[in-house]
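Only one structure is covered here, and it is reproduced in the block below.
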Amino acid sequence: MPADASSLIPPALDQLRESPQVVPEEVPGLLERLAEVPDPRDPRGVRHHLVVVLALTACAVLAGATSLLAVGEWIADAPGDVIEQAGGHPDPVLPRRVLPAETTVRRLLARIDCDALDRAVGSWLADRRPRTTGATGLRGLAVDGKSLRGAARANGRKIHLLAAVEHTTGLVLAQLDVGEKTGEITCFQPLLDAVADLAGVVVTSDAMHTQREHAGYLLGRAAHYIVIVKGNQKKLRGQLKSLPWRDIPLQGRAKNVGHGRTEIRRIKVATVNNLLFPGARQAIQIKRRRTDRKTGKTTIKTVYAVTSLTAEQATASKLAQLVRDHWQIEALHHVRDTTFAEDASQLRTGNAPRAMATWRNLAIGALRAAGVNNIAAGLRRNARNPRRPLALLGLG
């Protein structure tokens with residue numbers, strides 16, 4: 001079949017005038033955000049606008065596509081009106097010729113600027129998050145990393161992504177590839193630079209990110225932190241252990257049953273002013289008593305943490321909730337692994353593995369923003385009607 005004549009006019013953004021917005025406020029739509037991603041191709045000979053390919057790929061993943069082959073099949077079956085609402089311009093004589101093939105999608109995602117793509121998707125999700133806070137009255141943001149186990153670079157390096165996930169909504173507001181010669185610690189600040197407004201946000205992280213530079217950065221952006229203290233901060237941990245915890249009354253107790261075990265968590269909090277950590281205002285001791293319901297074996301673990309929140313800003317119960325809510329990011333990783341089979345993916349084409357992780361974040365975020373709790377059921381529902389992903393993405 002002969003190739004279509006190359007044309008960059010009219011741009012896909014022309015479709016925005018006909019696309020309803022997800023929210024009533026005047027905020028950029030998905031096509032407008034995706035237009036911020038630079039096109040890696042030579043403009044000569046381009047048949048499919050980048051925005052169109054990206055939007056159709058997003059719709060395919062939102063309909064349950066877990067591979068580039070499945071993405072190509074979904075696009076091939078998409079009705080003409082779906083292509084139009086995603087920014088495409090069907091040929092009135094040969095409408096099927098406007099559909100990007102799976103090979104086109106593969107080549108584009110392999111070369112796409114994934115930092116720009118993550119910024120575009122993160123900004124779109126951030127615009128659509130509810131403005132209410134969680135049960136604590138504070139907005140929490142969890143920072144943690146995940147390796148794509150099945151995927152790897154051409155040189156064999158595993159791809160490791162650091163993400164910032166909102167506690168209450170589970171939306172991924174920023175994501176960054178951890179370089180082979182850097183590591184998560186050096187990516188902490190660049191990751192959060194992509195989050196527009198951190199004022200008043202409580203950033204939670206594991207012991208790896210218990211770094212004085214990180215605390216100074218967050219305080220400089222008017223944010224707060226809760227960090228776990230382990231052996232990488234020996235002097236600070238020594239200070240925390242030496243506090244008179246026996247004289248401090250118990251301030252909270254919670255019991256949870258699940259995953260084959262019973263867990264009782266007890267929390268004590270103390271106001272402090274002289275800890276070896278910038279801005280530390282409260283010290284936290286959490287004792288976890290876990291009993292395996294099958295074997296009856298019980299283990300007790302003591303966890304220490306520090307926070308920049310004062311006692312007036314956060315009570316012990318609020319701090320305990322924020323620490324528990326940090327593991328919302330693990331729920332995101334679980335969905336990507338079990339529902340989208342992310343760890344089983346063997347995709348190794350350039351930047352495509354990371355790009356697909358970004359589309360999974362978008363799909364999960366769009367469903368959660370629409371009030372869908374069961375992501376697998378939401379994907380199956382979308383798969384039955386190709387117009388449903390468009391509606392969730394504000395394109396139809």
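Letters A, B, ... mark the chains of the structure tokens in the order given; residue numbers begin at 1 per chain; ligand numbers begin at 1, in order shown.
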
Inset, instruction - Could you find all residues in range 137-322 of chain A that DSSP calls alpha helix (DSSP H) from the backbone, and write them as a ChimeraX atom specification? - result: /A:184-193,212-220,234-241,316-322

Written file, previous selection with N, CA and C atoms, as a short mmCIF file (atom, residue, chain, number, x, y, z; two decimals), in the first residue's frame:
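As a result, selection.cif now contains:
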```cif
data_model
loop_
_atom_site.label_atom_id
_atom_site.label_comp_id
_atom_site.auth_asym_id
_atom_site.auth_seq_id
_atom_site.Cartn_x
_atom_site.Cartn_y
_atom_site.Cartn_z
N GLU A 184 19.08 5.93 43.56
CA GLU A 184 17.87 6.62 43.99
C GLU A 184 18.17 7.92 44.73
N ILE A 185 19.23 7.93 45.53
CA ILE A 185 19.48 9.09 46.39
C ILE A 185 19.68 10.35 45.56
N THR A 186 20.46 10.27 44.49
CA THR A 186 20.72 11.46 43.68
C THR A 186 19.53 11.86 42.83
N CYS A 187 18.55 10.96 42.68
CA CYS A 187 17.36 11.26 41.86
C CYS A 187 16.21 11.83 42.67
N PHE A 188 16.36 11.88 44.00
CA PHE A 188 15.26 12.33 44.86
C PHE A 188 14.82 13.76 44.54
N GLN A 189 15.77 14.67 44.51
CA GLN A 189 15.42 16.06 44.25
C GLN A 189 14.95 16.29 42.82
N PRO A 190 15.63 15.76 41.79
CA PRO A 190 15.11 15.91 40.42
C PRO A 190 13.71 15.35 40.26
N LEU A 191 13.40 14.25 40.96
CA LEU A 191 12.05 13.68 40.88
C LEU A 191 11.02 14.68 41.39
N LEU A 192 11.25 15.24 42.57
CA LEU A 192 10.27 16.13 43.17
C LEU A 192 10.27 17.51 42.53
N ASP A 193 11.31 17.84 41.78
CA ASP A 193 11.29 19.09 41.02
C ASP A 193 10.15 19.09 40.01
N ARG A 212 20.20 14.26 55.03
CA ARG A 212 20.08 15.66 55.46
C ARG A 212 19.82 16.58 54.27
N GLU A 213 20.44 16.27 53.13
CA GLU A 213 20.23 17.11 51.94
C GLU A 213 18.77 17.05 51.49
N HIS A 214 18.16 15.86 51.58
CA HIS A 214 16.76 15.72 51.20
C HIS A 214 15.87 16.55 52.12
N ALA A 215 16.16 16.49 53.42
CA ALA A 215 15.35 17.25 54.39
C ALA A 215 15.47 18.75 54.13
N GLY A 216 16.69 19.22 53.87
CA GLY A 216 16.88 20.64 53.58
C GLY A 216 16.14 21.06 52.33
N TYR A 217 16.14 20.20 51.32
CA TYR A 217 15.42 20.49 50.07
C TYR A 217 13.92 20.63 50.33
N LEU A 218 13.35 19.68 51.07
CA LEU A 218 11.92 19.71 51.33
C LEU A 218 11.53 20.93 52.16
N LEU A 219 12.33 21.25 53.17
CA LEU A 219 12.03 22.42 53.99
C LEU A 219 12.12 23.69 53.15
N GLY A 220 13.05 23.71 52.20
CA GLY A 220 13.18 24.87 51.32
C GLY A 220 11.99 25.05 50.40
N LYS A 234 23.58 6.22 61.79
CA LYS A 234 23.86 5.58 63.08
C LYS A 234 23.73 6.54 64.25
N LYS A 235 24.27 7.74 64.12
CA LYS A 235 24.22 8.69 65.24
C LYS A 235 22.78 9.12 65.52
N LEU A 236 22.04 9.36 64.46
CA LEU A 236 20.64 9.76 64.63
C LEU A 236 19.84 8.62 65.26
N ARG A 237 20.08 7.41 64.78
CA ARG A 237 19.38 6.26 65.36
C ARG A 237 19.75 6.08 66.83
N GLY A 238 21.01 6.31 67.15
CA GLY A 238 21.44 6.23 68.55
C GLY A 238 20.72 7.25 69.42
N GLN A 239 20.55 8.47 68.89
CA GLN A 239 19.81 9.47 69.62
C GLN A 239 18.36 9.03 69.87
N LEU A 240 17.74 8.49 68.83
CA LEU A 240 16.35 8.08 68.95
C LEU A 240 16.19 6.94 69.96
N LYS A 241 17.08 5.96 69.92
CA LYS A 241 16.99 4.83 70.84
C LYS A 241 17.21 5.25 72.28
N ALA A 316 -0.19 11.87 67.17
CA ALA A 316 0.37 10.52 67.00
C ALA A 316 -0.47 9.69 66.04
N SER A 317 -1.79 9.80 66.14
CA SER A 317 -2.67 9.01 65.26
C SER A 317 -2.51 9.45 63.80
N LYS A 318 -2.34 10.74 63.56
CA LYS A 318 -2.13 11.23 62.21
C LYS A 318 -0.80 10.74 61.66
N LEU A 319 0.22 10.76 62.48
CA LEU A 319 1.54 10.28 62.04
C LEU A 319 1.48 8.79 61.72
N ALA A 320 0.79 8.02 62.56
CA ALA A 320 0.67 6.59 62.31
C ALA A 320 -0.04 6.33 60.98
N GLN A 321 -1.07 7.12 60.68
CA GLN A 321 -1.80 6.97 59.42
C GLN A 321 -0.92 7.32 58.23
N LEU A 322 -0.14 8.37 58.34
CA LEU A 322 0.75 8.78 57.25
C LEU A 322 1.82 7.72 56.98
#
```

Inset, instruction - as an NGL selection string, list the residues of range 5-251 of chain A assigned to strand (DSSP E) by DSSP on the backbone atoms of this structure. - result: :A and (140-152 or 158-166 or 172-177 or 202-205 or 224-229)

Legend entry - Residue neighbourhood Ala280 in chain A, 6 Å, only C-alpha atoms, exclusion window fewer than 3 positions, as an MDAnalysis selection string: chainID A and resid 277 307:308

For the residues in the current selection, export all heavy atoms as a PDB file, in the first residue's frame.
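Okay, this is what ended up in result_30.pdb:
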```pdb
ATOM      1  N   PHE A 277      19.298  16.130  62.739  1.00  0.00           N
ATOM      2  CA  PHE A 277      18.613  16.067  61.460  1.00  0.00           C
ATOM      3  C   PHE A 277      17.885  17.387  61.244  1.00  0.00           C
ATOM      4  O   PHE A 277      17.182  17.863  62.140  1.00  0.00           O
ATOM      5  CB  PHE A 277      17.618  14.897  61.435  1.00  0.00           C
ATOM      6  CG  PHE A 277      17.301  14.404  60.048  1.00  0.00           C
ATOM      7  CD1 PHE A 277      18.229  13.653  59.333  1.00  0.00           C
ATOM      8  CD2 PHE A 277      16.095  14.717  59.444  1.00  0.00           C
ATOM      9  CE1 PHE A 277      17.950  13.203  58.056  1.00  0.00           C
ATOM     10  CE2 PHE A 277      15.799  14.265  58.170  1.00  0.00           C
ATOM     11  CZ  PHE A 277      16.736  13.509  57.467  1.00  0.00           C
ATOM     12  N   THR A 307      10.129  13.394  62.034  1.00  0.00           N
ATOM     13  CA  THR A 307       9.300  14.213  61.164  1.00  0.00           C
ATOM     14  C   THR A 307       9.513  15.686  61.460  1.00  0.00           C
ATOM     15  O   THR A 307       9.864  16.069  62.584  1.00  0.00           O
ATOM     16  CB  THR A 307       7.805  13.858  61.340  1.00  0.00           C
ATOM     17  OG1 THR A 307       7.031  14.696  60.476  1.00  0.00           O
ATOM     18  CG2 THR A 307       7.343  14.073  62.767  1.00  0.00           C
ATOM     19  N   SER A 308       9.276  16.498  60.439  1.00  0.00           N
ATOM     20  CA  SER A 308       9.348  17.950  60.601  1.00  0.00           C
ATOM     21  C   SER A 308       8.022  18.521  61.076  1.00  0.00           C
ATOM     22  O   SER A 308       7.928  19.716  61.363  1.00  0.00           O
ATOM     23  CB  SER A 308       9.745  18.599  59.270  1.00  0.00           C
ATOM     24  OG  SER A 308       8.794  18.303  58.267  1.00  0.00           O
TER      25      SER A 308
END
```

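For Leu309 in chain A, the set of protein, DNA and RNA residues having any atom at most 10 Å away, when counting only C-alpha atoms and skipping those fewer than 3 positions along the same chain, is Gly200, Val202, Ala223, His224, Tyr225, Ile226, Thr271, Gly279, Ala280, Arg281, Gln282, Ala283, Val306, Glu312, Gln313, Ala314, Thr315 and Leu319 of chain A.
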
I need the chosen residues saved as an mmCIF file, in the first residue's frame, with N, CA, C and O atoms.
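File produced: part.cif:
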```cif
data_model
loop_
_atom_site.group_PDB
_atom_site.id
_atom_site.type_symbol
_atom_site.label_atom_id
_atom_site.label_comp_id
_atom_site.auth_asym_id
_atom_site.auth_seq_id
_atom_site.Cartn_x
_atom_site.Cartn_y
_atom_site.Cartn_z
ATOM 1 N N GLY A 200 3.238 22.419 52.080
ATOM 2 C CA GLY A 200 2.334 21.746 52.999
ATOM 3 C C GLY A 200 2.216 20.251 52.807
ATOM 4 O O GLY A 200 1.546 19.580 53.582
ATOM 5 N N VAL A 202 3.320 16.360 52.889
ATOM 6 C CA VAL A 202 4.168 15.521 53.734
ATOM 7 C C VAL A 202 4.763 14.419 52.861
ATOM 8 O O VAL A 202 4.042 13.542 52.379
ATOM 9 N N ALA A 223 7.715 22.098 52.360
ATOM 10 C CA ALA A 223 7.107 20.782 52.541
ATOM 11 C C ALA A 223 7.546 20.192 53.880
ATOM 12 O O ALA A 223 8.429 20.722 54.564
ATOM 13 N N HIS A 224 6.925 19.072 54.244
ATOM 14 C CA HIS A 224 7.288 18.347 55.456
ATOM 15 C C HIS A 224 7.782 16.947 55.085
ATOM 16 O O HIS A 224 7.633 16.509 53.941
ATOM 17 N N TYR A 225 8.350 16.248 56.042
ATOM 18 C CA TYR A 225 8.840 14.896 55.789
ATOM 19 C C TYR A 225 8.562 13.997 56.979
ATOM 20 O O TYR A 225 8.417 14.451 58.116
ATOM 21 N N ILE A 226 8.440 12.709 56.682
ATOM 22 C CA ILE A 226 8.505 11.643 57.678
ATOM 23 C C ILE A 226 9.471 10.618 57.110
ATOM 24 O O ILE A 226 9.226 10.076 56.026
ATOM 25 N N THR A 271 8.222 15.132 71.375
ATOM 26 C CA THR A 271 8.688 16.394 70.792
ATOM 27 C C THR A 271 10.179 16.538 71.065
ATOM 28 O O THR A 271 10.647 16.303 72.187
ATOM 29 N N GLY A 279 15.461 20.298 60.802
ATOM 30 C CA GLY A 279 14.026 20.533 60.933
ATOM 31 C C GLY A 279 13.256 19.504 61.714
ATOM 32 O O GLY A 279 12.019 19.566 61.760
ATOM 33 N N ALA A 280 13.918 18.542 62.357
ATOM 34 C CA ALA A 280 13.214 17.488 63.091
ATOM 35 C C ALA A 280 12.481 18.087 64.292
ATOM 36 O O ALA A 280 13.084 18.792 65.106
ATOM 37 N N ARG A 281 11.180 17.801 64.392
ATOM 38 C CA ARG A 281 10.366 18.346 65.479
ATOM 39 C C ARG A 281 9.742 17.260 66.346
ATOM 40 O O ARG A 281 9.398 17.510 67.500
ATOM 41 N N GLN A 282 9.588 16.048 65.783
ATOM 42 C CA GLN A 282 9.042 14.951 66.580
ATOM 43 C C GLN A 282 9.776 13.654 66.262
ATOM 44 O O GLN A 282 10.140 13.411 65.101
ATOM 45 N N ALA A 283 9.992 12.874 67.306
ATOM 46 C CA ALA A 283 10.562 11.536 67.150
ATOM 47 C C ALA A 283 9.440 10.520 67.302
ATOM 48 O O ALA A 283 8.514 10.712 68.104
ATOM 49 N N VAL A 306 11.572 10.118 62.178
ATOM 50 C CA VAL A 306 11.544 11.528 62.580
ATOM 51 C C VAL A 306 10.687 12.284 61.570
ATOM 52 O O VAL A 306 10.555 11.881 60.410
ATOM 53 N N GLU A 312 1.439 20.198 67.119
ATOM 54 C CA GLU A 312 0.210 20.915 66.766
ATOM 55 C C GLU A 312 -0.240 20.579 65.349
ATOM 56 O O GLU A 312 -1.441 20.573 65.049
ATOM 57 N N GLN A 313 0.700 20.267 64.467
ATOM 58 C CA GLN A 313 0.355 19.956 63.077
ATOM 59 C C GLN A 313 -0.073 18.513 62.875
ATOM 60 O O GLN A 313 -0.881 18.220 61.986
ATOM 61 N N ALA A 314 0.462 17.611 63.686
ATOM 62 C CA ALA A 314 0.148 16.189 63.505
ATOM 63 C C ALA A 314 0.220 15.452 64.829
ATOM 64 O O ALA A 314 1.276 15.418 65.472
ATOM 65 N N THR A 315 -0.893 14.865 65.228
ATOM 66 C CA THR A 315 -0.926 14.045 66.429
ATOM 67 C C THR A 315 -0.312 12.682 66.134
ATOM 68 O O THR A 315 0.005 12.353 64.989
ATOM 69 N N LEU A 319 0.221 10.762 62.483
ATOM 70 C CA LEU A 319 1.535 10.281 62.045
ATOM 71 C C LEU A 319 1.482 8.794 61.723
ATOM 72 O O LEU A 319 2.063 8.343 60.724
#
```

Inset, instruction - Considering only C-alpha atoms, return as JSON, numbers by chain whatever protein or nucleic-acid residues lie within 6 Å of range 352-363 of chain A, sequence-local ones (same chain, fewer than 4 positions apart) excluded. - result: {"A": [58, 62, 109, 110, 347]}

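Checking A:Gln85, A:Gln346, A:Thr339, A:Thr57 one by one against Leu148 in chain A, counting only C-alpha atoms, you find the shortest gap at A:Gln346.
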
Inset, instruction - With a distance cut-off of 8 Å and only C-alpha atoms, select the neighbouring residues of Gly260 in chain A, excluding the residue or stretch itself and same-chain residues fewer than 6 positions from it, and output the selection as a PyMOL selection string. - result: chain A and resi 292-294

Keeping only all heavy atoms, write the selected residues as a compact mmCIF listing (two decimals), in the first residue's frame.
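So out_6.txt came out as:
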```
# COMPACT_ATOMS: atom_id res chain seq x y z
N ASP A 292 2.17 -14.99 62.91
CA ASP A 292 1.79 -15.81 61.77
C ASP A 292 0.62 -16.70 62.19
O ASP A 292 0.76 -17.50 63.12
CB ASP A 292 2.98 -16.66 61.31
CG ASP A 292 2.70 -17.39 60.01
OD1 ASP A 292 1.76 -18.20 59.96
OD2 ASP A 292 3.42 -17.16 59.02
N ARG A 293 -0.50 -16.57 61.51
CA ARG A 293 -1.71 -17.28 61.94
C ARG A 293 -1.63 -18.78 61.65
O ARG A 293 -2.40 -19.57 62.20
CB ARG A 293 -2.93 -16.67 61.24
CG ARG A 293 -3.16 -15.22 61.67
CD ARG A 293 -4.08 -14.49 60.71
NE ARG A 293 -5.41 -15.07 60.72
CZ ARG A 293 -6.35 -14.76 59.83
NH1 ARG A 293 -6.08 -13.91 58.85
NH2 ARG A 293 -7.55 -15.31 59.90
N LYS A 294 -0.71 -19.19 60.81
CA LYS A 294 -0.57 -20.61 60.51
C LYS A 294 0.40 -21.29 61.47
O LYS A 294 0.11 -22.38 61.99
CB LYS A 294 -0.08 -20.78 59.08
CG LYS A 294 -0.01 -22.22 58.61
CD LYS A 294 0.39 -22.33 57.15
CE LYS A 294 0.42 -23.77 56.68
NZ LYS A 294 0.80 -23.89 55.24
```

Legend entry - Nearest to Ala101 in chain A by atom-to-atom distance, counting only C-alpha atoms, from A:Pro43, A:Gly88, A:Gly80, A:Gly72: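 Ranked by minimum distance to Ala101 in chain A, first place goes to A:Gly72.
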
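Candidate residues A:Arg388, A:Lys301, A:Arg111, A:Arg380 were compared for distance to Asp42 in chain A, and the nearest is A:Arg111, using only C-alpha atoms.
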
Legend entry - Selected residue, from A:Thr299, A:Ala305, A:Leu276, A:Ala366, that lies nearest to Asp127 in chain A when counting only C-alpha atoms: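 Closest to Asp127 in chain A of all the choices is A:Ala366.
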
Inset, instruction - Just the residues within 10 Å of Lys255 in chain A, please, counting only C-alpha atoms, with nothing from its chain fewer than 2 positions along; format it as a PyMOL selection string. - result: chain A and resi 253+257+262-266+288-290

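Going from CA of Ala86 in chain A over to CA of His48 in chain A, you cover 11.8 Å.
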
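With only C-alpha atoms as the atoms that count, the residue of A:Ile286, A:Leu138, A:Leu390, A:Val323 with the shortest distance to Ala270 in chain A is A:Ile286.
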
Legend entry - CA of Pro79 in chain A to CA of Arg106 in chain A, straight-line distance in Å: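 Answer for the CA of Arg106 in chain A to CA of Pro79 in chain A separation: 21.3 Å.
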
Inset, instruction - Quick one: pull the distance between CA of Arg387 in chain A and CA of Leu367 in chain A, Å, one decimal. - result: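 These atoms are spaced 14.3 Å apart.
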
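Proximity ranking of A:Pro389, A:Gly170, A:Gly252, A:Gly179 relative to Leu141 in chain A places A:Gly170 first, based on only C-alpha atoms.
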